[in-house]
Amino acid sequence: MPRVSEEFPEKLKALRNVAGPLGRELQLLASHALDLNQLMKLGKAISRAHSEGKSMEPLAPFRLAVLSNSTIDLIVQPLIASAARHGIVLEVIQPLYDQVAQEALTPDSKVNSSKPDAVLFALDYRALPLKLSLGDAQAASATVQGVIGYLQALRDGIKANSNAVCIFQTFAPPVETLFGSLDRALPGTLRSLIDSINRELAEFVLNSGDVLLDVAALAETVGLADWHNTQLWNMGKFSFSDELIPLYADHVGRTISALRGKSRKVLILDLDNTVWGGVIGDDGLEGILIAQGDARGEAHLAVQRLALELRQRGIVLAVSSKNTDSVAREPFEKHPEMLLKLEHIAVFQANWNDKATNIQAIAEELSLGLDAMVFLDDNPVERGLVRKLLPQVAVPELPEEPAYYARTLAAAGYFEAVAFASEDLKRAGFYQDNAKRASLQKQVGGVDAYLASLDMTITFQPFDATGRARIVQLINKSNQFNLTTRRYTDPEVAEAENDPQVFTMQVRLVDTFGDNGMIGVILCRPAEVNAWEIDTWLMSCRVLGRKVENMVLREILDHARAAGIEKLIGVYKPTDRNKLVVDHYGKLGFAKIAEEESGLTRWELLVEEAEPESAPMKIVSQSFPAFKEIQRA
Amino acid sequence: MDDQQIYAELTGVFQDVFDEDAIDITPELSAKDVDGWDSLTHIRLILTIEKTFKIKFTTSEIGKLENVGELVALIKARA
């Protein structure tokens with residue numbers, strides 16, 4: 001999840017003044033990495049608004065009774081806040097401390113008479129009648145049966161008295177062992193008893209139609225020593241560490257959300273640097289990384305494997321990529337190491353639209369709501385855009401290291417299910433059959449506002465020795481946003497750098513997500529009298545759709561004016577990779593003056609009349625010499 | 001860390017835990033002076049202080065605390 005913003009307290013307070021339904025705003029607030037105190041505050045704010053009768057649309061209401069042998073007072077508010085993250089407005093019924101059996105078995109108990117939708121048995125091993133019987137298999141088995149019988153009796157009580165769904169937790173074994181490793185093998189040790197209980201409980205739940213919350217797995221994942229905090233247990237009977245309350249509460253939230261049928265159904269994948277390493281448009285089929293034996297390639301293969309396994313259990317796969325369609329499809333069709341094939345993808349959207357528009361098209365085509373979608377993308381700017389414009393879409397916050405992509409996606413639990421039916425197996429295929437190519441006419445509004453929020457700073461400098469290595473790399477690697485695809489060597493670039501007749505420019509971009517580094521290279525040579533021909537204009541595809549090209553042109557025009565240039569000449573030289581920029585100069589207001597049979601087009605722009613649209617970013621222009629005397633060729 | 005810094009940090013912690021911006025921290029302040037400072041909130045307060053100052057208290061230290069002055073002395077000894 002993204003980190004919480006500093007405005008969290010203000011936003012929380014502002015909730016009181018919102019007139020309409022609160023659901024969306026609450027869900028957005030809840031979808032950050034909140035600590036215990038923040039979850040408490042959000043939980044309280046939700047309860048307050050709920051009790052005041054405010055509309056919580058579109059969150060679905062749910063009443064949960066929590067029965068526990070430990071203190072759950074620190075958990076209740078976080079449960080409410082975390083449930084909102086998963087589309088649920090939760091009401092928690094909390095009976096008196098340690099009244100588990102009384103509450104379950106008495107028909108008119110607080111829990112039973114409140115008619116909850118579900119009862120969570122938040123028990124830990126200290127709630128169980130466990131008697132050690134070291135080495136005695138028969139006694140151990142009797143103990144296990146006794147515990148399962150007790151849990152079954154609790155369930156039967158709830159079923160008879162309020163017919164709520166029962167949610168059972170597996171038990172996290174304590175850290176301390178008696179013999180050491182032998183504890184696992186020897187019957188009748190605490191560890192082996194708890195192992196058996198967890199196994200039998202899981203089997204019981206699978207057959208009874210109740211729901212399992214695998215707390216033992218959760219505790220193992222974070223580490224038992226971190227899970228159990230004995231000091232807290234002694235001081236206030238808290239059954240696990242306060243640090244892990246947010247994690248626990250999130251897992252309860254997903255379980256409830258799954259019970260309400262709100263689990264997500266579609267995984268939308270970005271391609272470049274997500275499904276494979278590298279950029280297909282620049283690196284080509286041979287250059288992208290997906291091979292076994294290559295460290296980065298294996299990380300992306302793991303993403304593919306997970307996607308494929310999700311598809312097998314019924315999750316629909318879609319693609320949203322900023323690419324030319326045929327280029328994006330090529331690896332799926334031709335790369336031998338690709339696990340994902342086109343036949344696995346229900347909707348394939350490769351184009352140059354913004355991703356919010358594409359995701360809406362995917363949702364429409366599949367006839368599923370945006371709240372069924374999960375969007376996986378390595379690019380923080382794309383993630384930010386989608387979160388901002390389509391807050392219903394789940395967007396996991398990916399770490400920088402691709403090796404953790406698959407784990408991050410799996411750990412987020414978007415596809416949590418409480419049951420598995422054979423129909424699930426068919427679902428992915430079903431959606432696929434119905435899928436048709438979506439129309440992308442409808443652009444999602446608000447992109448400009450989003451661009452402004454990126455807080456971009458663009459920096460222009462002439463070529464210099466420091467930037468040269470990267471300039472040479474870009475010149476020789478960029479394929480897609482490259483108007484002429486002219487390749488130059490290091491000495492050739494140095495020559496341009498030192499030639500007063502040549503106008504050179506390197507472009508850098510910093511935004512709220514960090515430094516994008518050098519993202520553009522411009523090289524203009526004197527052409528006719530008082531004219532520059534743009535010999536090279538290339539940019540990184542990472543910054544597409546952010547109107548960077550407008551700002552670059554404005555900068556070129558400034559220098560052109562200073563140098564007494566009257567006309568800019570643009571050339572588009574087609575290759576099989578640069579269709580993206582076929583109308584680059586046209587969009588920027590250049591007039592087409594020639595078109596050759598090869599597809600090469602020539603364009604011109606009168607400096608005096610040109611006024612390209614501006615974009616919201618800060619401009620830094622530095623180290624340019626005075627250009628007055630440059631061009632008099 | 002001197003007293004002043006500790007009080008400044010502590011004010012933030014109290015505001016966070018009690019969800020109350022207008023809380024005024026003095027050495028004499030104790031649980032009976034503040035609405036909602038029950039045993040549960042006390043534990044949440046201690047946990048938040050431990051996290052903020054990156055220290056750990058023992059159970060008996062937590063049990064003995066009478067007022068904010070003692071708390072500050074304890075933090076000072078640890079931090």
# chains A, B, ... in the order shown; residues from 1 in each chain; ligands from 1
call {"tool": "interface_residues", "arguments": {"of": "chain B", "to": "chain A", "cutoff": "8 Å", "atoms": "only C-alpha atoms", "output": "list in words"}}
result
Asp16, Val17, Asp19, Leu40, Leu47 and Thr59 of chain B
call {"tool": "write_last_selection", "arguments": {"atoms": "C-alpha atoms", "output": "PDB file, in the first residue's frame"}}
result
ATOM      1  CA  ASP B  16      -1.757  11.168  18.538  1.00  0.00           C
ATOM      2  CA  VAL B  17      -2.857   8.678  21.179  1.00  0.00           C
ATOM      3  CA  ASP B  19      -6.703  12.164  19.346  1.00  0.00           C
ATOM      4  CA  LEU B  40      -5.911   0.416  27.808  1.00  0.00           C
ATOM      5  CA  LEU B  47       3.679   1.429  23.063  1.00  0.00           C
ATOM      6  CA  THR B  59       6.786  -4.210  32.956  1.00  0.00           C
TER       7      THR B  59
END
call {"tool": "residues_around", "arguments": {"residues": "Lys159 (chain A)", "least_positions_apart": "6", "cutoff": "12 Å", "atoms": "only C-alpha atoms", "output": "PyMOL selection string"}}
result
chain A and resi 104-107+111-112+115-119+152-153+165-167+208-210
call {"tool": "write_last_selection", "arguments": {"atoms": "C-alpha atoms", "output": "PDB file, in the first residue's frame"}}
result
ATOM      1  CA  ALA A 104     -21.900 -18.909  21.890  1.00  0.00           C
ATOM      2  CA  LEU A 105     -24.095 -21.289  23.822  1.00  0.00           C
ATOM      3  CA  THR A 106     -26.661 -18.972  25.432  1.00  0.00           C
ATOM      4  CA  PRO A 107     -29.552 -18.259  23.030  1.00  0.00           C
ATOM      5  CA  VAL A 111     -23.782 -11.987  20.468  1.00  0.00           C
ATOM      6  CA  ASN A 112     -26.673 -14.237  19.546  1.00  0.00           C
ATOM      7  CA  LYS A 115     -27.934 -11.362  14.943  1.00  0.00           C
ATOM      8  CA  PRO A 116     -24.463 -10.869  13.474  1.00  0.00           C
ATOM      9  CA  ASP A 117     -23.621 -11.777   9.886  1.00  0.00           C
ATOM     10  CA  ALA A 118     -20.579 -13.632  11.139  1.00  0.00           C
ATOM     11  CA  VAL A 119     -18.834 -14.582  14.351  1.00  0.00           C
ATOM     12  CA  GLN A 152     -17.496 -27.684  17.220  1.00  0.00           C
ATOM     13  CA  ALA A 153     -19.751 -27.091  20.225  1.00  0.00           C
ATOM     14  CA  VAL A 165     -21.232 -17.687   9.575  1.00  0.00           C
ATOM     15  CA  CYS A 166     -18.433 -18.913  11.840  1.00  0.00           C
ATOM     16  CA  ILE A 167     -14.878 -17.770  11.192  1.00  0.00           C
ATOM     17  CA  SER A 208     -18.756 -27.647   7.444  1.00  0.00           C
ATOM     18  CA  GLY A 209     -18.877 -24.646   5.129  1.00  0.00           C
ATOM     19  CA  ASP A 210     -17.450 -22.327   7.776  1.00  0.00           C
TER      20      ASP A 210
END
call {"tool": "closest_residue", "arguments": {"among": "B:Glu70, B:Asp35, B:Asp24, B:Glu50", "to": "Ala8 (chain B)", "atoms": "only C-alpha atoms"}}
result
B:Asp24
call {"tool": "select_by_dssp", "arguments": {"residues": "chain B", "states": "helix (DSSP H, G or I)", "output": "VMD selection string"}}
result
chain B and resid 3 to 18 31 to 33 39 to 53 59 to 64 68 to 78
call {"tool": "atom_distance", "arguments": {"atom1": "CA of Pro58 (chain A)", "atom2": "CA of Ala258 (chain A)"}}
result
16.0 Å
call {"tool": "select_by_dssp", "arguments": {"residues": "region 64-287 of chain A", "states": "strand (DSSP E)", "output": "PyMOL selection string"}}
result
chain A and resi 64-68+88-93+118-122+165-169+211-213+266-269
call {"tool": "write_last_selection", "arguments": {"atoms": "N, CA and C atoms", "output": "compact mmCIF listing (two decimals), in the first residue's frame"}}
result
# COMPACT_ATOMS: atom_id res chain seq x y z
N LEU A 64 -20.15 -7.98 12.58
CA LEU A 64 -19.23 -9.04 12.99
C LEU A 64 -19.15 -9.08 14.51
N ALA A 65 -19.42 -10.25 15.07
CA ALA A 65 -19.21 -10.42 16.51
C ALA A 65 -17.84 -11.05 16.71
N VAL A 66 -17.10 -10.55 17.68
CA VAL A 66 -15.77 -11.09 17.93
C VAL A 66 -15.75 -11.75 19.30
N LEU A 67 -15.49 -13.05 19.32
CA LEU A 67 -15.39 -13.79 20.58
C LEU A 67 -13.93 -14.13 20.81
N SER A 68 -13.44 -13.76 21.99
CA SER A 68 -12.00 -13.95 22.19
C SER A 68 -11.67 -14.23 23.64
N ILE A 88 -16.10 -2.66 2.91
CA ILE A 88 -17.10 -3.08 3.89
C ILE A 88 -17.23 -2.01 4.98
N VAL A 89 -18.45 -1.66 5.33
CA VAL A 89 -18.62 -0.84 6.52
C VAL A 89 -19.00 -1.80 7.65
N LEU A 90 -18.09 -1.91 8.60
CA LEU A 90 -18.18 -2.97 9.60
C LEU A 90 -18.72 -2.45 10.91
N GLU A 91 -19.60 -3.24 11.49
CA GLU A 91 -20.04 -2.96 12.84
C GLU A 91 -19.57 -4.13 13.69
N VAL A 92 -18.87 -3.83 14.77
CA VAL A 92 -18.31 -4.91 15.58
C VAL A 92 -19.10 -5.06 16.87
N ILE A 93 -19.50 -6.30 17.14
CA ILE A 93 -20.17 -6.60 18.40
C ILE A 93 -19.15 -7.26 19.31
N ALA A 118 -21.60 -12.62 10.89
CA ALA A 118 -20.58 -13.63 11.14
C ALA A 118 -20.03 -13.48 12.54
N VAL A 119 -19.50 -14.60 13.05
CA VAL A 119 -18.83 -14.58 14.35
C VAL A 119 -17.38 -14.97 14.13
N LEU A 120 -16.48 -14.13 14.60
CA LEU A 120 -15.05 -14.45 14.51
C LEU A 120 -14.58 -15.00 15.85
N PHE A 121 -14.12 -16.25 15.82
CA PHE A 121 -13.55 -16.82 17.04
C PHE A 121 -12.07 -16.45 17.09
N ALA A 122 -11.79 -15.31 17.71
CA ALA A 122 -10.41 -14.82 17.76
C ALA A 122 -9.70 -15.44 18.95
N VAL A 165 -22.40 -16.98 10.11
CA VAL A 165 -21.23 -17.69 9.57
C VAL A 165 -20.15 -17.70 10.65
N CYS A 166 -19.49 -18.84 10.83
CA CYS A 166 -18.43 -18.91 11.84
C CYS A 166 -17.06 -18.81 11.18
N ILE A 167 -16.25 -17.90 11.70
CA ILE A 167 -14.88 -17.77 11.19
C ILE A 167 -13.92 -18.27 12.28
N PHE A 168 -13.20 -19.35 11.96
CA PHE A 168 -12.25 -19.91 12.92
C PHE A 168 -10.83 -19.51 12.55
N GLN A 169 -10.00 -19.31 13.56
CA GLN A 169 -8.59 -19.02 13.33
C GLN A 169 -7.74 -20.25 13.64
N VAL A 211 -15.65 -20.75 7.75
CA VAL A 211 -14.56 -20.01 7.12
C VAL A 211 -13.31 -20.09 8.00
N LEU A 212 -12.16 -20.22 7.35
CA LEU A 212 -10.90 -20.32 8.08
C LEU A 212 -10.07 -19.05 7.88
N LEU A 213 -9.54 -18.54 8.98
CA LEU A 213 -8.58 -17.44 8.91
C LEU A 213 -7.25 -18.02 9.39
N VAL A 266 -10.17 -9.61 -11.69
CA VAL A 266 -9.38 -9.38 -12.89
C VAL A 266 -7.99 -8.85 -12.51
N LEU A 267 -6.98 -9.40 -13.14
CA LEU A 267 -5.62 -8.89 -12.97
C LEU A 267 -5.19 -8.23 -14.27
N ILE A 268 -4.93 -6.93 -14.21
CA ILE A 268 -4.49 -6.19 -15.39
C ILE A 268 -2.99 -5.99 -15.30
N LEU A 269 -2.29 -6.48 -16.31
CA LEU A 269 -0.83 -6.45 -16.28
C LEU A 269 -0.27 -5.39 -17.21
call {"tool": "closest_residue", "arguments": {"among": "A:Arg554, A:Asp535, A:Ile619, A:Tyr450", "to": "Arg602 (chain A)", "atoms": "only C-alpha atoms"}}
result
A:Asp535
call {"tool": "residues_around", "arguments": {"residues": "Ala449 (chain A)", "least_positions_apart": "6", "cutoff": "12 Å", "atoms": "only C-alpha atoms", "output": "ChimeraX atom specification"}}
result
/A:385,388-389,455,546,615-617
call {"tool": "residues_around", "arguments": {"residues": "Ile46 (chain B)", "least_positions_apart": "4", "cutoff": "9 Å", "atoms": "only C-alpha atoms", "output": "number ranges by chain"}}
result
B: 41-42, 50-51, 57, 62
